[in-house]
Amino acid sequence: MTRLHLVNGFLGSGKTTAIVQAAREHMARGERVGVVTNDQGRFLVDTAFVRAQQIPVVQVTGGCFCCSFDQLLDVLTDLNDDARPDVIYAESVGSCADLVATVVLPLRAKPELSVTCESLSVFADSRLLLRLFRGEPLPFSDSVLYIMESQLEEAGTLVLNKIDLLDDAAVKELLAFSEERLPGRPVLAQNSLDQRHVLRWIEMIDSGGAQAPRFPARVDYDRYGEGETQLAWVDRALSAEDLGIGGRMQVIAMVREIAQALAEHRVPVAHVKFHVSCPGASAKISLTTLSQTGWESEIPDVAGAVELLVNARVQAESERAGDWIDAALERACVQSGGGWRVVTADTLTPQAPRRPY
Ligand SMILES: Nc1nc2c(ncn2[C@@H]2O[C@H](COP(=O)(O)OP(=O)(O)OP(=O)(O)O)[C@@H](O)[C@H]2O)c(=O)[nH]1
Ligand SMILES: [Mg+2]
């Protein structure tokens with residue numbers, strides 16, 4: 001039987017970071033590992049990023065896990081056939097909820113797949129969650145925040161991620177709130193950039209300490225759907241055939257122009273992520289707030305045939321967000337002398353999820 005660990009949590013909470021760290025650990029132990037990524041879009045930064053780490057990865061695209069169970073079964077079968085993993089991490093898109101009803105229980109009814117769902121971890125960005133628990137203003141609408149609350153409800157373990165970004169008093173406060181709001185629920189305060197913390201997470205999920213609840217959460221599909229449809233997905237794939245010296249600065253200019261455009265239009269950002277790659281180098285760049293600094297240092301020197309994927313997940317009307325991002329890319333491309341071309345462009349509003357019962 002292949003062990004499957006489901007990982008959910010709001011956009012940008014740190015799921016892929018933890019999964020990649022965990023996958024490296026399994027591989028170092030001599031175990032075979034596989035990853036499933038998921039998104040409403042088609043050209044996924046996370047898939048490119050996981051693949052660049054030499055980790056077998058398959059993806060469920062065009063919808064969240066909760067609406068794409070048949071596709072999930074297909075890719076799990078492919079992954080089992082190709083990579084024969086001992087352990088699989090499946091990351092649902094960060095705007096997905098109700099996984100017990102739509103994935104955990106249906107998987108149990110498919111013993112022929114030889115995959116057992118061992119855990120359901122729900123990640124939260126500790127800074128965001130603390131503000132939510134305190135009742136402080138957040139950049140997202142109540143319906144969007146309802147998605148995050150619904151995810152927390154069905155956590156087999158709640159991972160208070162990015163704990164390194166809170167001071168000790170705030171950590172204490174967050175732990176107390178978590179116990180009050182989700183009494184008796186296993187909780188991990190985690191820094192997923194720290195391998196020791198990830199080891200503790202693996203230990204918990206592999207030992208049965210984070211099993212999904214036996215019964216589905218009560219999810220209000222009207223509010224859940226309203227939250228989804230207030231979000232926007234803007235995906236662009238760009239390529240440059242023969243980038244010379246200065247390629248890195250061109251990528252920096254594109255990221256910066258997009259961040260500035262979103263800030264100018266006061267767009268609440270859930271996660272704006274990029275993957276840049278060329279022969280011999282690749283990197284993922286993440287912005288979970290527009291005030292984030294230091295991301296430039298993540299961008300390597302790039303030259304030759306370069307690809308850039310842009311996945312923006314924001315709260316906005318999708319066509320307008322797409323126009324702002326296209327204008328930003330256009331400005332950056334003109335500044336750089338026009339060596340870039342847009343290969344694919346998807347602009348979408350996630351569809352309201354279907355109620356499974
Ligand atoms: N400081 C800190 N940063 C973290 C931690 N975990 C993740 N990050 C950063 O948070 C950003 C988003 O991380 P991802 O792993 O891409 O988040 P995600 O939940 O997979 O995002 P989506 O797939 O878009 O929902 C990246 O810049 C990570 O480096 C953590 O524990 N501490
Ligand atoms: Mg991810």
# chains A, B, ... in the order shown; residues from 1 in each chain; ligands from 1

call {"tool": "residues_near_ligand", "arguments": {"ligand": "ligand 2", "cutoff": "9 Å", "atoms": "only C-alpha atoms and all ligand atoms", "output": "PyMOL selection string"}}
result
chain A and resi 11-17+19+37-38+45-47+91-94

call {"tool": "residues_around", "arguments": {"residues": "Ile88 (chain A)", "least_positions_apart": "6", "cutoff": "12 Å", "atoms": "only C-alpha atoms", "output": "PyMOL selection string"}}
result
chain A and resi 1-7+19-20+22-23+26-27+31-37+55-58+75-77+79-80+114-119+205-206

call {"tool": "write_last_selection", "arguments": {"atoms": "C-alpha atoms", "output": "PDB file, in the first residue's frame"}}
result
ATOM      1  CA  MET A   1       0.000   0.000   0.000  1.00  0.00           C
ATOM      2  CA  THR A   2       1.235   3.490  -0.877  1.00  0.00           C
ATOM      3  CA  ARG A   3       0.892   6.031   1.928  1.00  0.00           C
ATOM      4  CA  LEU A   4      -0.844   9.218   0.834  1.00  0.00           C
ATOM      5  CA  HIS A   5      -0.526  12.442   2.804  1.00  0.00           C
ATOM      6  CA  LEU A   6      -3.031  15.133   1.891  1.00  0.00           C
ATOM      7  CA  VAL A   7      -1.898  18.710   2.407  1.00  0.00           C
ATOM      8  CA  ILE A  19       6.310  18.965   0.815  1.00  0.00           C
ATOM      9  CA  VAL A  20       9.566  19.499  -1.067  1.00  0.00           C
ATOM     10  CA  ALA A  22       9.725  16.245   3.245  1.00  0.00           C
ATOM     11  CA  ALA A  23      10.258  14.624  -0.162  1.00  0.00           C
ATOM     12  CA  HIS A  26      12.193  10.496   2.192  1.00  0.00           C
ATOM     13  CA  MET A  27      14.583  10.256  -0.749  1.00  0.00           C
ATOM     14  CA  GLU A  31      12.190   5.802  -0.038  1.00  0.00           C
ATOM     15  CA  ARG A  32      10.495   6.531  -3.338  1.00  0.00           C
ATOM     16  CA  VAL A  33       8.297   9.592  -3.215  1.00  0.00           C
ATOM     17  CA  GLY A  34       5.766  11.238  -5.495  1.00  0.00           C
ATOM     18  CA  VAL A  35       3.930  14.555  -5.417  1.00  0.00           C
ATOM     19  CA  VAL A  36       0.537  15.578  -6.763  1.00  0.00           C
ATOM     20  CA  THR A  37      -0.017  19.265  -7.370  1.00  0.00           C
ATOM     21  CA  ILE A  55      10.923  14.756  -7.542  1.00  0.00           C
ATOM     22  CA  PRO A  56       8.329  12.772  -9.543  1.00  0.00           C
ATOM     23  CA  VAL A  57       5.256  14.968  -9.886  1.00  0.00           C
ATOM     24  CA  VAL A  58       1.850  14.745 -11.515  1.00  0.00           C
ATOM     25  CA  VAL A  75      -2.965  10.747 -11.937  1.00  0.00           C
ATOM     26  CA  LEU A  76      -2.504   8.608  -8.825  1.00  0.00           C
ATOM     27  CA  THR A  77      -2.636   5.543 -11.055  1.00  0.00           C
ATOM     28  CA  LEU A  79       2.183   8.052 -10.547  1.00  0.00           C
ATOM     29  CA  ASN A  80       1.970   4.558  -9.058  1.00  0.00           C
ATOM     30  CA  SER A 114      -3.625   0.484  -3.258  1.00  0.00           C
ATOM     31  CA  VAL A 115      -3.325   3.975  -1.786  1.00  0.00           C
ATOM     32  CA  THR A 116      -4.248   4.748   1.817  1.00  0.00           C
ATOM     33  CA  CYS A 117      -4.847   8.287   2.934  1.00  0.00           C
ATOM     34  CA  GLU A 118      -2.787   8.452   6.135  1.00  0.00           C
ATOM     35  CA  SER A 119      -3.165  12.094   7.055  1.00  0.00           C
ATOM     36  CA  ILE A 205       1.859  12.178   9.760  1.00  0.00           C
ATOM     37  CA  ASP A 206       3.675   8.880   9.178  1.00  0.00           C
TER      38      ASP A 206
END

call {"tool": "residues_around", "arguments": {"residues": "region 196-201 of chain A", "least_positions_apart": "4", "cutoff": "7 Å", "atoms": "only C-alpha atoms", "output": "list in words"}}
result
Ala18, Gln21, Ala22, Gln190, Asn191, Ser192 and Ile205 of chain A

call {"tool": "select_by_dssp", "arguments": {"residues": "region 188-312 of chain A", "states": "strand (DSSP E or B)", "output": "number ranges by chain"}}
result
A: 188-189, 231-243, 269-278, 281-287, 304-312

call {"tool": "residues_around", "arguments": {"residues": "Gln151 (chain A)", "least_positions_apart": "5", "cutoff": "9 Å", "atoms": "only C-alpha atoms", "output": "compact mmCIF listing (two decimals) with C-alpha atoms, in the first residue's frame"}}
result
# COMPACT_ATOMS: atom_id res chain seq x y z
CA ASN A 8 -4.34 21.59 2.35
CA GLY A 9 -4.21 25.19 3.56
CA PHE A 10 -4.85 28.67 2.24
CA SER A 95 -8.72 27.71 -2.29
CA CYS A 96 -10.10 24.19 -1.81
CA ALA A 97 -12.10 22.87 1.16
CA ASP A 98 -14.25 19.88 2.11
CA LEU A 99 -11.58 17.28 1.35
CA VAL A 122 -3.92 21.87 7.01
CA PHE A 123 -1.35 24.65 6.81
CA TYR A 146 -14.58 31.43 5.02
CA ALA A 217 -17.05 19.09 7.86

call {"tool": "closest_residue", "arguments": {"among": "A:Ala240, A:Val100, A:Leu231, A:Ala312", "to": "Gly338 (chain A)", "atoms": "only C-alpha atoms"}}
result
A:Ala240

call {"tool": "residues_around", "arguments": {"residues": "region 168-181 of chain A", "least_positions_apart": "5", "cutoff": "9 Å", "atoms": "only C-alpha atoms", "output": "number ranges by chain"}}
result
A: 126-127, 129-130, 133-134, 158, 160, 163, 187, 189

call {"tool": "write_last_selection", "arguments": {"atoms": "N, CA and C atoms", "output": "JSON list (two decimals), in the first residue's frame"}}
result
[["chain", "number", "residue", "atom", "x", "y", "z"],
["A", 126, "SER", "N", 0.95, 31.63, 9.93],
["A", 126, "SER", "CA", 0.69, 32.01, 11.33],
["A", 126, "SER", "C", 0.32, 33.49, 11.50],
["A", 127, "ARG", "N", 0.92, 34.35, 10.68],
["A", 127, "ARG", "CA", 0.63, 35.79, 10.83],
["A", 127, "ARG", "C", -0.81, 36.08, 10.44],
["A", 129, "LEU", "N", -3.30, 33.87, 10.35],
["A", 129, "LEU", "CA", -4.25, 33.19, 11.24],
["A", 129, "LEU", "C", -4.40, 33.94, 12.56],
["A", 130, "LEU", "N", -3.30, 34.47, 13.06],
["A", 130, "LEU", "CA", -3.38, 35.21, 14.32],
["A", 130, "LEU", "C", -4.28, 36.43, 14.14],
["A", 133, "PHE", "N", -7.88, 35.21, 14.07],
["A", 133, "PHE", "CA", -8.36, 34.84, 15.42],
["A", 133, "PHE", "C", -8.58, 36.08, 16.29],
["A", 134, "ARG", "N", -7.72, 37.09, 16.11],
["A", 134, "ARG", "CA", -7.87, 38.31, 16.91],
["A", 134, "ARG", "C", -9.03, 39.18, 16.43],
["A", 158, "LEU", "N", -3.29, 20.69, 12.46],
["A", 158, "LEU", "CA", -3.19, 22.08, 12.04],
["A", 158, "LEU", "C", -1.72, 22.46, 12.11],
["A", 160, "LEU", "N", 0.70, 25.34, 12.12],
["A", 160, "LEU", "CA", 0.85, 26.80, 12.24],
["A", 160, "LEU", "C", 2.20, 27.13, 11.61],
["A", 163, "ILE", "N", 6.09, 29.99, 11.62],
["A", 163, "ILE", "CA", 6.09, 30.38, 13.03],
["A", 163, "ILE", "C", 7.30, 31.26, 13.35],
["A", 187, "VAL", "N", -1.69, 20.06, 16.89],
["A", 187, "VAL", "CA", -1.18, 21.32, 16.33],
["A", 187, "VAL", "C", 0.34, 21.26, 16.27],
["A", 189, "ALA", "N", 3.53, 23.87, 15.58],
["A", 189, "ALA", "CA", 4.03, 25.20, 15.25],
["A", 189, "ALA", "C", 5.30, 24.97, 14.45]]

call {"tool": "closest_residue", "arguments": {"among": "A:Phe215, A:Trp340, A:Trp233, A:Trp324", "to": "ligand 1", "atoms": "only C-alpha atoms and all ligand atoms"}}
result
A:Trp233

call {"tool": "select_by_dssp", "arguments": {"residues": "region 290-333 of chain A", "states": "helix (DSSP H, G or I)", "output": "CSV table (one decimal) with N, CA and C atoms, in the first residue's frame"}}
result
chain,number,residue,atom,x,y,z
A,295,TRP,N,13.2,39.4,-2.2
A,295,TRP,CA,12.9,38.3,-3.2
A,295,TRP,C,13.9,38.4,-4.4
A,296,GLU,N,14.5,39.5,-4.6
A,296,GLU,CA,15.5,39.7,-5.8
A,296,GLU,C,16.6,38.6,-5.6
A,297,SER,N,17.0,38.4,-4.4
A,297,SER,CA,18.2,37.5,-4.2
A,297,SER,C,17.9,36.1,-4.6
A,298,GLU,N,16.6,35.7,-4.7
A,298,GLU,CA,16.2,34.4,-5.1
A,298,GLU,C,16.4,34.1,-6.6
A,318,SER,N,-11.2,39.0,-12.5
A,318,SER,CA,-10.1,38.4,-13.1
A,318,SER,C,-9.6,39.1,-14.4
A,319,GLU,N,-10.6,39.6,-15.2
A,319,GLU,CA,-10.1,40.3,-16.5
A,319,GLU,C,-9.3,41.5,-16.2
A,320,ARG,N,-9.8,42.3,-15.2
A,320,ARG,CA,-9.0,43.5,-14.8
A,320,ARG,C,-7.7,43.2,-14.3
A,321,ALA,N,-7.6,42.1,-13.4
A,321,ALA,CA,-6.3,41.7,-12.9
A,321,ALA,C,-5.4,41.3,-14.0
A,322,GLY,N,-6.0,40.6,-15.0
A,322,GLY,CA,-5.2,40.1,-16.2
A,322,GLY,C,-4.6,41.3,-17.0
A,323,ASP,N,-5.5,42.3,-17.2
A,323,ASP,CA,-5.1,43.5,-17.9
A,323,ASP,C,-3.9,44.2,-17.2
A,324,TRP,N,-4.0,44.3,-15.9
A,324,TRP,CA,-3.0,45.0,-15.1
A,324,TRP,C,-1.7,44.3,-15.2
A,325,ILE,N,-1.7,43.0,-15.1
A,325,ILE,CA,-0.5,42.2,-15.2
A,325,ILE,C,0.1,42.2,-16.6
A,326,ASP,N,-0.8,42.1,-17.6
A,326,ASP,CA,-0.3,42.2,-19.0
A,326,ASP,C,0.4,43.5,-19.3
A,327,ALA,N,-0.2,44.6,-18.8
A,327,ALA,CA,0.4,45.9,-19.0
A,327,ALA,C,1.8,46.0,-18.3
A,328,ALA,N,1.8,45.4,-17.1
A,328,ALA,CA,3.1,45.4,-16.3
A,328,ALA,C,4.2,44.6,-17.1
A,329,LEU,N,3.8,43.5,-17.6
A,329,LEU,CA,4.7,42.6,-18.4
A,329,LEU,C,5.2,43.4,-19.6
A,330,GLU,N,4.2,44.0,-20.3
A,330,GLU,CA,4.5,44.8,-21.5
A,330,GLU,C,5.6,45.9,-21.2
A,331,ARG,N,5.4,46.6,-20.1
A,331,ARG,CA,6.3,47.6,-19.7
A,331,ARG,C,7.7,47.1,-19.5
A,332,ALA,N,7.8,45.9,-18.8
A,332,ALA,CA,9.1,45.3,-18.5
A,332,ALA,C,9.7,44.8,-19.8
A,333,CYS,N,8.9,44.2,-20.7
A,333,CYS,CA,9.5,43.7,-21.9
A,333,CYS,C,10.0,44.8,-22.8

call {"tool": "closest_residue", "arguments": {"among": "A:Glu25, A:Ser143, A:Pro353, A:Ile252", "to": "Ser68 (chain A)", "atoms": "only C-alpha atoms"}}
result
A:Pro353

call {"tool": "closest_residue", "arguments": {"among": "A:Val103, A:Leu138, A:Leu44, A:Ala28", "to": "ligand 1", "atoms": "only C-alpha atoms and all ligand atoms"}}
result
A:Leu44

call {"tool": "closest_residue", "arguments": {"among": "A:Arg185, A:His265, A:His275, A:Arg355", "to": "Thr102 (chain A)", "atoms": "only C-alpha atoms"}}
result
A:Arg355

call {"tool": "closest_residue", "arguments": {"among": "A:Asn311, A:Gln195, A:Thr61, A:Ser286", "to": "ligand 1", "atoms": "only C-alpha atoms and all ligand atoms"}}
result
A:Ser286

call {"tool": "residues_around", "arguments": {"residues": "Val306 (chain A)", "least_positions_apart": "3", "cutoff": "8 Å", "atoms": "only C-alpha atoms", "output": "PyMOL selection string"}}
result
chain A and resi 239-243+276-279+302-303

call {"tool": "write_last_selection", "arguments": {"atoms": "C-alpha atoms", "output": "mmCIF file, in the first residue's frame"}}
result
data_model
loop_
_atom_site.group_PDB
_atom_site.id
_atom_site.type_symbol
_atom_site.label_atom_id
_atom_site.label_comp_id
_atom_site.auth_asym_id
_atom_site.auth_seq_id
_atom_site.Cartn_x
_atom_site.Cartn_y
_atom_site.Cartn_z
ATOM 1 C CA SER A 239 9.900 32.661 -23.088
ATOM 2 C CA ALA A 240 13.019 34.305 -24.442
ATOM 3 C CA GLU A 241 15.038 32.387 -26.975
ATOM 4 C CA ASP A 242 18.497 33.775 -26.485
ATOM 5 C CA LEU A 243 18.845 35.996 -23.470
ATOM 6 C CA VAL A 276 12.179 31.051 -13.917
ATOM 7 C CA SER A 277 14.293 28.441 -15.648
ATOM 8 C CA CYS A 278 17.060 28.109 -18.202
ATOM 9 C CA PRO A 279 19.619 25.395 -18.872
ATOM 10 C CA VAL A 302 19.730 33.340 -16.406
ATOM 11 C CA ALA A 303 20.862 33.204 -20.019
#
